[in-house]
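First up is the structure itself, then whatever we jot down about it.
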Amino acid sequence: MWGIFLESVVIFKNYMGFHENHFLAAIYLFALLYLWLTEKDKRRRAIFVYAPTLLLLLFFCPLFRKVFVRVLEDSETYYRLLWLLQMSIVSAYGLIKLMGRYRRIGLAVVCLMVVACGDYVYDSEHISRAQNAYHLPQDAIEIVDLIEPEEGRITVLVPADLIYYVRQYSTDIELPYGREMLISRWDYYHGLYEAMEEAEVIDTPFFAEVVRDYQYPCSYVVLKKDREVSEPLTDYGFSVYGQVGDFVIYKDMTL
């Protein structure tokens with residue numbers, strides 16, 4: 001039981017970002033404690049005090065975690081219980097309540113907390129300035145605009161770089177596989193992904209065969225222009241339909 005409890009502590013610390021910045025958790029716990037001491041409205045206490053407190057107690061309870069894992073047969077999603085803590089709502093309500101009671105001191109404390117826990121998000125390697133109103137890579141949008149059918153749906157094989165974005169922009173484009181292939185611990189296998197991504201050099205004859213043998217033949221294949229192929233796709237019934245940025249779009253002329 002002690003080991004299970006320690007695992008829950010590690011999950012909580014990782015979720016709260018203790019290894020980077022622990023102030024968000026501190027603000028939340030401070031707001032929760034403040035509401036425990038000051039909130040008198042019964043309905044608000046149920047939402048902002050009792051519910052998150054009960055959830056925290058259950059989260060750290062080894063017996064509850066054992067039941068959770070046994071019922072759902074999944075230990076990796078246990079952290080999602082923390083989504084129910086309503087961190088932003090509880091923190092905002094608690095701090096606003098503090099500011100309402102102690103206007104000057106409360107305002108100063110809240111501002112200090114916000115500055116202390118803040119971070120300039122544009123310094124992150126995972127954040128970049130949006131290229132368009134969709135907040136998607138412009139290349140993905142232009143590729144879909146070029147091949148999207150006027151009616152019906154088509155299947156398109158795209159590089160891993162585009163998997164996340166094509167379906168966000170258009171549901172008329174079907175993909176043979178999705179993000180499940182990009183998460184190694186899930187250990188999925190797909191012949192098309194193997195031929196497309198795993199091979200150091202695409203074996204063109206085999207590649208053309210598996211693309212056409214798929215249950216929903218791919219009308220288009222999108223490759224990076226520097227992707228190595230054993231032979232040109234144009235020798236196997238494909239034609240160059242267009243190019244967008246670093247991506248070359250091939251159309252299967254046999255369909």
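Just remember, in the structure tokens the first chain shown is A, the second B, etc., residues are 1-based per chain, and ligands are 1-based in the order shown.
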Backbone DSSP call of strand (DSSP E or B) for segment 119-204 of chain A, listed as a list in words: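 Taking segment 119-204 of chain A and keeping strand (DSSP E or B) gives Ile154, Thr155, Val156, Leu157, Ile173, Glu174 and Ile202 of chain A.
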Contact residues around segment 61-68 of chain A with only C-alpha atoms at 6 Å, ignoring same-chain residues under 3 positions, as a list of chain:residue names: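 Residues near the query, excluding close chain neighbours: A:Met1, A:Ile4, A:Phe5, A:Leu58, A:Val71.
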Return as a tab-separated table the residues of segment 61-96 of chain A lying at most 12 Å from segment 111-129 of chain A, together with the closest atom-to-atom pair for each and the distance in Å to one decimal, counting only C-alpha atoms, with rows in chain order and ascending residue number.
residue	atom	partner	partner_atom	distance
A:Ser91	CA	A:Val114	CA	10.9
A:Ala92	CA	A:Val114	CA	10.8
A:Leu95	CA	A:Met113	CA	9.8
A:Ile96	CA	A:Cys111	CA	11.2
Write a file of the selected residues as a tab-separated table (two decimals), in the first residue's frame, keeping N, CA and C atoms.
chain	number	residue	atom	x	y	z
A	91	SER	N	-8.81	28.22	-7.89
A	91	SER	CA	-7.79	29.24	-7.65
A	91	SER	C	-8.32	30.63	-7.92
A	92	ALA	N	-9.02	30.80	-9.05
A	92	ALA	CA	-9.55	32.11	-9.40
A	92	ALA	C	-10.58	32.58	-8.37
A	95	LEU	N	-8.85	33.42	-4.96
A	95	LEU	CA	-8.04	34.64	-4.98
A	95	LEU	C	-8.92	35.89	-5.13
A	96	ILE	N	-9.96	35.79	-5.94
A	96	ILE	CA	-10.88	36.92	-6.07
A	96	ILE	C	-11.59	37.20	-4.74
Exercise: segment 32-41 of chain A partners within 12 Å, only C-alpha atoms, chain neighbours under 5 positions left out, as a list in words: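 Residues meeting the cut-off are Ala25, Ala26, Ile27, Ala46, Ile47, Phe48, Val49, Tyr50, Ala51, Pro52, Thr53, Leu54, Leu56, Leu85, Gln86, Met87, Ser88, Ile89, Val90, Ser91, Ala92, Tyr93, Gly94, Leu95, Ile96, Lys97, Leu98, Met99 and Arg101 of chain A.
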Between atom CA of Leu255 of chain A and atom CA of Leu175 of chain A - distance in Å to one decimal: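 Going from atom CA of Leu175 of chain A over to atom CA of Leu255 of chain A, I get 16.8 Å.
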Segment 40-192 of chain A: residues DSSP assigns to alpha helix (DSSP H), reported as a PyMOL selection string: chain A and resi 42-45+51-59+62-72+87-101+103-117+138-147+160-169+191-192
Output the selection as a PDB file, in the first residue's frame - C-alpha atoms for each residue.
ATOM      1  CA  LYS A  42     -23.165  25.754   1.443  1.00  0.00           C
ATOM      2  CA  ARG A  43     -23.574  25.298  -2.293  1.00  0.00           C
ATOM      3  CA  ARG A  44     -20.286  27.030  -3.060  1.00  0.00           C
ATOM      4  CA  ARG A  45     -18.517  25.033  -0.370  1.00  0.00           C
ATOM      5  CA  ALA A  51     -15.551  18.186  -4.053  1.00  0.00           C
ATOM      6  CA  PRO A  52     -11.834  18.916  -4.676  1.00  0.00           C
ATOM      7  CA  THR A  53     -10.882  17.879  -1.140  1.00  0.00           C
ATOM      8  CA  LEU A  54     -12.704  14.566  -1.494  1.00  0.00           C
ATOM      9  CA  LEU A  55     -11.088  14.010  -4.875  1.00  0.00           C
ATOM     10  CA  LEU A  56      -7.614  14.631  -3.435  1.00  0.00           C
ATOM     11  CA  LEU A  57      -8.251  12.180  -0.613  1.00  0.00           C
ATOM     12  CA  LEU A  58      -9.471   9.527  -3.045  1.00  0.00           C
ATOM     13  CA  PHE A  59      -6.552  10.140  -5.407  1.00  0.00           C
ATOM     14  CA  PRO A  62      -4.126   3.272  -2.250  1.00  0.00           C
ATOM     15  CA  LEU A  63      -7.302   1.197  -2.002  1.00  0.00           C
ATOM     16  CA  PHE A  64      -9.182   3.548  -4.344  1.00  0.00           C
ATOM     17  CA  ARG A  65      -6.354   3.364  -6.880  1.00  0.00           C
ATOM     18  CA  LYS A  66      -6.324  -0.430  -6.771  1.00  0.00           C
ATOM     19  CA  VAL A  67     -10.067  -0.501  -7.462  1.00  0.00           C
ATOM     20  CA  PHE A  68      -9.686   2.097 -10.239  1.00  0.00           C
ATOM     21  CA  VAL A  69      -6.962   0.100 -12.002  1.00  0.00           C
ATOM     22  CA  ARG A  70      -8.814  -3.176 -11.513  1.00  0.00           C
ATOM     23  CA  VAL A  71     -12.087  -1.885 -12.952  1.00  0.00           C
ATOM     24  CA  LEU A  72     -10.649   0.079 -15.887  1.00  0.00           C
ATOM     25  CA  MET A  87      -7.622  24.098 -10.447  1.00  0.00           C
ATOM     26  CA  SER A  88      -8.265  27.235 -12.453  1.00  0.00           C
ATOM     27  CA  ILE A  89     -11.801  27.741 -11.111  1.00  0.00           C
ATOM     28  CA  VAL A  90     -10.934  27.102  -7.459  1.00  0.00           C
ATOM     29  CA  SER A  91      -7.785  29.237  -7.648  1.00  0.00           C
ATOM     30  CA  ALA A  92      -9.551  32.112  -9.402  1.00  0.00           C
ATOM     31  CA  TYR A  93     -12.533  32.079  -7.054  1.00  0.00           C
ATOM     32  CA  GLY A  94     -10.378  31.840  -3.933  1.00  0.00           C
ATOM     33  CA  LEU A  95      -8.042  34.643  -4.984  1.00  0.00           C
ATOM     34  CA  ILE A  96     -10.882  36.923  -6.069  1.00  0.00           C
ATOM     35  CA  LYS A  97     -12.573  36.310  -2.742  1.00  0.00           C
ATOM     36  CA  LEU A  98      -9.315  37.227  -1.004  1.00  0.00           C
ATOM     37  CA  MET A  99      -9.032  40.428  -3.051  1.00  0.00           C
ATOM     38  CA  GLY A 100     -12.626  41.333  -2.228  1.00  0.00           C
ATOM     39  CA  ARG A 101     -11.982  41.041   1.487  1.00  0.00           C
ATOM     40  CA  ARG A 103      -8.483  44.869  -1.464  1.00  0.00           C
ATOM     41  CA  ARG A 104      -5.025  46.407  -1.330  1.00  0.00           C
ATOM     42  CA  ILE A 105      -3.140  43.650   0.430  1.00  0.00           C
ATOM     43  CA  GLY A 106      -5.119  40.982  -1.394  1.00  0.00           C
ATOM     44  CA  LEU A 107      -4.448  42.568  -4.769  1.00  0.00           C
ATOM     45  CA  ALA A 108      -0.737  42.823  -3.998  1.00  0.00           C
ATOM     46  CA  VAL A 109      -0.557  39.193  -2.847  1.00  0.00           C
ATOM     47  CA  VAL A 110      -2.473  37.911  -5.863  1.00  0.00           C
ATOM     48  CA  CYS A 111      -0.346  39.902  -8.320  1.00  0.00           C
ATOM     49  CA  LEU A 112       2.808  38.646  -6.620  1.00  0.00           C
ATOM     50  CA  MET A 113       1.563  35.064  -6.892  1.00  0.00           C
ATOM     51  CA  VAL A 114       0.703  35.443 -10.572  1.00  0.00           C
ATOM     52  CA  VAL A 115       4.114  36.931 -11.360  1.00  0.00           C
ATOM     53  CA  ALA A 116       5.927  34.312  -9.281  1.00  0.00           C
ATOM     54  CA  CYS A 117       4.243  31.360 -10.978  1.00  0.00           C
ATOM     55  CA  GLN A 138       0.176  26.255 -43.229  1.00  0.00           C
ATOM     56  CA  ASP A 139       1.616  23.389 -45.285  1.00  0.00           C
ATOM     57  CA  ALA A 140      -1.040  21.023 -43.920  1.00  0.00           C
ATOM     58  CA  ILE A 141      -3.826  23.443 -44.850  1.00  0.00           C
ATOM     59  CA  GLU A 142      -2.521  24.006 -48.374  1.00  0.00           C
ATOM     60  CA  ILE A 143      -2.108  20.276 -48.969  1.00  0.00           C
ATOM     61  CA  VAL A 144      -5.683  19.558 -47.907  1.00  0.00           C
ATOM     62  CA  ASP A 145      -7.021  22.468 -49.975  1.00  0.00           C
ATOM     63  CA  LEU A 146      -5.223  21.038 -52.989  1.00  0.00           C
ATOM     64  CA  ILE A 147      -6.531  17.467 -52.748  1.00  0.00           C
ATOM     65  CA  ALA A 160       4.023  11.452 -39.489  1.00  0.00           C
ATOM     66  CA  ASP A 161       4.612  15.233 -39.407  1.00  0.00           C
ATOM     67  CA  LEU A 162       1.103  15.834 -40.775  1.00  0.00           C
ATOM     68  CA  ILE A 163      -0.941  13.158 -38.989  1.00  0.00           C
ATOM     69  CA  TYR A 164      -2.019  15.432 -36.145  1.00  0.00           C
ATOM     70  CA  TYR A 165      -3.182  18.250 -38.396  1.00  0.00           C
ATOM     71  CA  VAL A 166      -4.897  16.924 -41.517  1.00  0.00           C
ATOM     72  CA  ARG A 167      -7.972  15.569 -39.734  1.00  0.00           C
ATOM     73  CA  GLN A 168      -8.247  18.699 -37.604  1.00  0.00           C
ATOM     74  CA  TYR A 169      -8.662  20.752 -40.744  1.00  0.00           C
ATOM     75  CA  GLY A 191       1.927  -2.315 -42.541  1.00  0.00           C
ATOM     76  CA  LEU A 192       1.521   1.050 -44.252  1.00  0.00           C
TER      77      LEU A 192
END
Shell of 9 Å around segment 235-237 of chain A, only C-alpha atoms, local chain residues under 6 positions omitted, as a VMD selection string: chain A and resid 204 to 205 208 251 to 254
Can I get the selection written as a PDB file, in the first residue's frame, with N, CA and C atoms?
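Final output, saved to out_30.pdb:
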ATOM      1  N   THR A 204      10.124   1.040 -53.215  1.00  0.00           N
ATOM      2  CA  THR A 204       9.020   1.523 -54.038  1.00  0.00           C
ATOM      3  C   THR A 204       8.080   0.433 -54.540  1.00  0.00           C
ATOM      4  N   PRO A 205       8.561  -0.684 -55.099  1.00  0.00           N
ATOM      5  CA  PRO A 205       7.617  -1.714 -55.564  1.00  0.00           C
ATOM      6  C   PRO A 205       6.736  -2.246 -54.434  1.00  0.00           C
ATOM      7  N   ALA A 208       4.266   0.580 -53.223  1.00  0.00           N
ATOM      8  CA  ALA A 208       3.118   0.750 -54.124  1.00  0.00           C
ATOM      9  C   ALA A 208       2.106  -0.369 -53.943  1.00  0.00           C
ATOM     10  N   LYS A 251      -0.394  11.443 -56.917  1.00  0.00           N
ATOM     11  CA  LYS A 251      -1.754  10.935 -57.157  1.00  0.00           C
ATOM     12  C   LYS A 251      -1.647   9.554 -57.783  1.00  0.00           C
ATOM     13  N   ASP A 252      -2.413   8.612 -57.234  1.00  0.00           N
ATOM     14  CA  ASP A 252      -2.427   7.255 -57.779  1.00  0.00           C
ATOM     15  C   ASP A 252      -3.316   7.237 -59.022  1.00  0.00           C
ATOM     16  N   MET A 253      -2.708   7.092 -60.185  1.00  0.00           N
ATOM     17  CA  MET A 253      -3.440   7.168 -61.450  1.00  0.00           C
ATOM     18  C   MET A 253      -4.150   5.864 -61.778  1.00  0.00           C
ATOM     19  N   THR A 254      -3.960   4.832 -60.964  1.00  0.00           N
ATOM     20  CA  THR A 254      -4.617   3.555 -61.241  1.00  0.00           C
ATOM     21  C   THR A 254      -6.031   3.493 -60.637  1.00  0.00           C
TER      22      THR A 254
END
Polymer residues at most 7 Å from segment 215-232 of chain A, only C-alpha atoms, same-chain spacing of 6 or more positions, as a list of chain:residue names: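 Everything that qualifies: A:Ile154, A:Thr155, A:Val156, A:Leu157, A:Val158, A:Pro159, A:Val201, A:Ile202, A:Asp203, A:Thr204, A:Asp246, A:Phe247, A:Val248, A:Ile249, A:Tyr250, A:Lys251, A:Asp252, A:Leu255.
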Take the residues from that selection and write them out as a PDB file, in the first residue's frame, keeping N, CA and C atoms.
ATOM      1  N   ILE A 154     -11.903  10.778 -49.278  1.00  0.00           N
ATOM      2  CA  ILE A 154     -10.806  10.037 -49.877  1.00  0.00           C
ATOM      3  C   ILE A 154      -9.813   9.662 -48.778  1.00  0.00           C
ATOM      4  N   THR A 155      -9.025   8.624 -49.039  1.00  0.00           N
ATOM      5  CA  THR A 155      -7.975   8.205 -48.117  1.00  0.00           C
ATOM      6  C   THR A 155      -6.638   8.710 -48.629  1.00  0.00           C
ATOM      7  N   VAL A 156      -5.867   9.284 -47.733  1.00  0.00           N
ATOM      8  CA  VAL A 156      -4.581   9.880 -48.106  1.00  0.00           C
ATOM      9  C   VAL A 156      -3.515   9.397 -47.129  1.00  0.00           C
ATOM     10  N   LEU A 157      -2.366   9.024 -47.665  1.00  0.00           N
ATOM     11  CA  LEU A 157      -1.233   8.613 -46.843  1.00  0.00           C
ATOM     12  C   LEU A 157      -0.287   9.794 -46.702  1.00  0.00           C
ATOM     13  N   VAL A 158      -0.042  10.207 -45.463  1.00  0.00           N
ATOM     14  CA  VAL A 158       0.790  11.382 -45.225  1.00  0.00           C
ATOM     15  C   VAL A 158       1.924  11.040 -44.252  1.00  0.00           C
ATOM     16  N   PRO A 159       2.994  11.828 -44.246  1.00  0.00           N
ATOM     17  CA  PRO A 159       4.073  11.601 -43.284  1.00  0.00           C
ATOM     18  C   PRO A 159       3.609  11.842 -41.848  1.00  0.00           C
ATOM     19  N   VAL A 201      15.007   3.527 -46.455  1.00  0.00           N
ATOM     20  CA  VAL A 201      14.728   3.888 -47.842  1.00  0.00           C
ATOM     21  C   VAL A 201      13.446   3.172 -48.249  1.00  0.00           C
ATOM     22  N   ILE A 202      12.497   3.917 -48.771  1.00  0.00           N
ATOM     23  CA  ILE A 202      11.220   3.316 -49.168  1.00  0.00           C
ATOM     24  C   ILE A 202      11.450   2.361 -50.340  1.00  0.00           C
ATOM     25  N   ASP A 203      11.028   1.111 -50.149  1.00  0.00           N
ATOM     26  CA  ASP A 203      11.091   0.101 -51.214  1.00  0.00           C
ATOM     27  C   ASP A 203       9.892   0.340 -52.131  1.00  0.00           C
ATOM     28  N   THR A 204      10.124   1.040 -53.215  1.00  0.00           N
ATOM     29  CA  THR A 204       9.020   1.523 -54.038  1.00  0.00           C
ATOM     30  C   THR A 204       8.080   0.433 -54.540  1.00  0.00           C
ATOM     31  N   ASP A 246       7.938  21.618 -48.331  1.00  0.00           N
ATOM     32  CA  ASP A 246       8.861  20.482 -48.424  1.00  0.00           C
ATOM     33  C   ASP A 246       8.150  19.179 -48.740  1.00  0.00           C
ATOM     34  N   PHE A 247       6.863  19.242 -49.111  1.00  0.00           N
ATOM     35  CA  PHE A 247       6.084  18.033 -49.342  1.00  0.00           C
ATOM     36  C   PHE A 247       5.702  17.905 -50.815  1.00  0.00           C
ATOM     37  N   VAL A 248       5.859  16.694 -51.346  1.00  0.00           N
ATOM     38  CA  VAL A 248       5.458  16.395 -52.717  1.00  0.00           C
ATOM     39  C   VAL A 248       4.223  15.506 -52.665  1.00  0.00           C
ATOM     40  N   ILE A 249       3.212  15.846 -53.443  1.00  0.00           N
ATOM     41  CA  ILE A 249       1.936  15.123 -53.438  1.00  0.00           C
ATOM     42  C   ILE A 249       1.860  14.266 -54.701  1.00  0.00           C
ATOM     43  N   TYR A 250       1.667  12.969 -54.499  1.00  0.00           N
ATOM     44  CA  TYR A 250       1.548  12.031 -55.610  1.00  0.00           C
ATOM     45  C   TYR A 250       0.104  11.533 -55.691  1.00  0.00           C
ATOM     46  N   LYS A 251      -0.394  11.443 -56.917  1.00  0.00           N
ATOM     47  CA  LYS A 251      -1.754  10.935 -57.157  1.00  0.00           C
ATOM     48  C   LYS A 251      -1.647   9.554 -57.783  1.00  0.00           C
ATOM     49  N   ASP A 252      -2.413   8.612 -57.234  1.00  0.00           N
ATOM     50  CA  ASP A 252      -2.427   7.255 -57.779  1.00  0.00           C
ATOM     51  C   ASP A 252      -3.316   7.237 -59.022  1.00  0.00           C
ATOM     52  N   LEU A 255      -6.365   4.441 -59.806  1.00  0.00           N
ATOM     53  CA  LEU A 255      -7.677   4.447 -59.144  1.00  0.00           C
ATOM     54  C   LEU A 255      -8.720   5.156 -60.016  1.00  0.00           C
TER      55      LEU A 255
END
Å distance separating atom CA of Ala195 of chain A from atom CA of Pro149 of chain A, one decimal place: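 A separation of 25.9 Å between them.
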Skipping near chain neighbours, those fewer than 3 positions away, what residues fall within 7 Å of Asp172 of chain A using only C-alpha atoms, listed as a short mmCIF file (atom, residue, chain, number, x, y, z; two decimals) with C-alpha atoms, in the first residue's frame?
data_model
loop_
_atom_site.label_atom_id
_atom_site.label_comp_id
_atom_site.auth_asym_id
_atom_site.auth_seq_id
_atom_site.Cartn_x
_atom_site.Cartn_y
_atom_site.Cartn_z
CA GLU A 148 -9.81 17.76 -50.83
CA GLY A 152 -17.36 12.37 -50.54
CA ARG A 153 -14.19 11.29 -48.79
CA ILE A 154 -10.81 10.04 -49.88
#
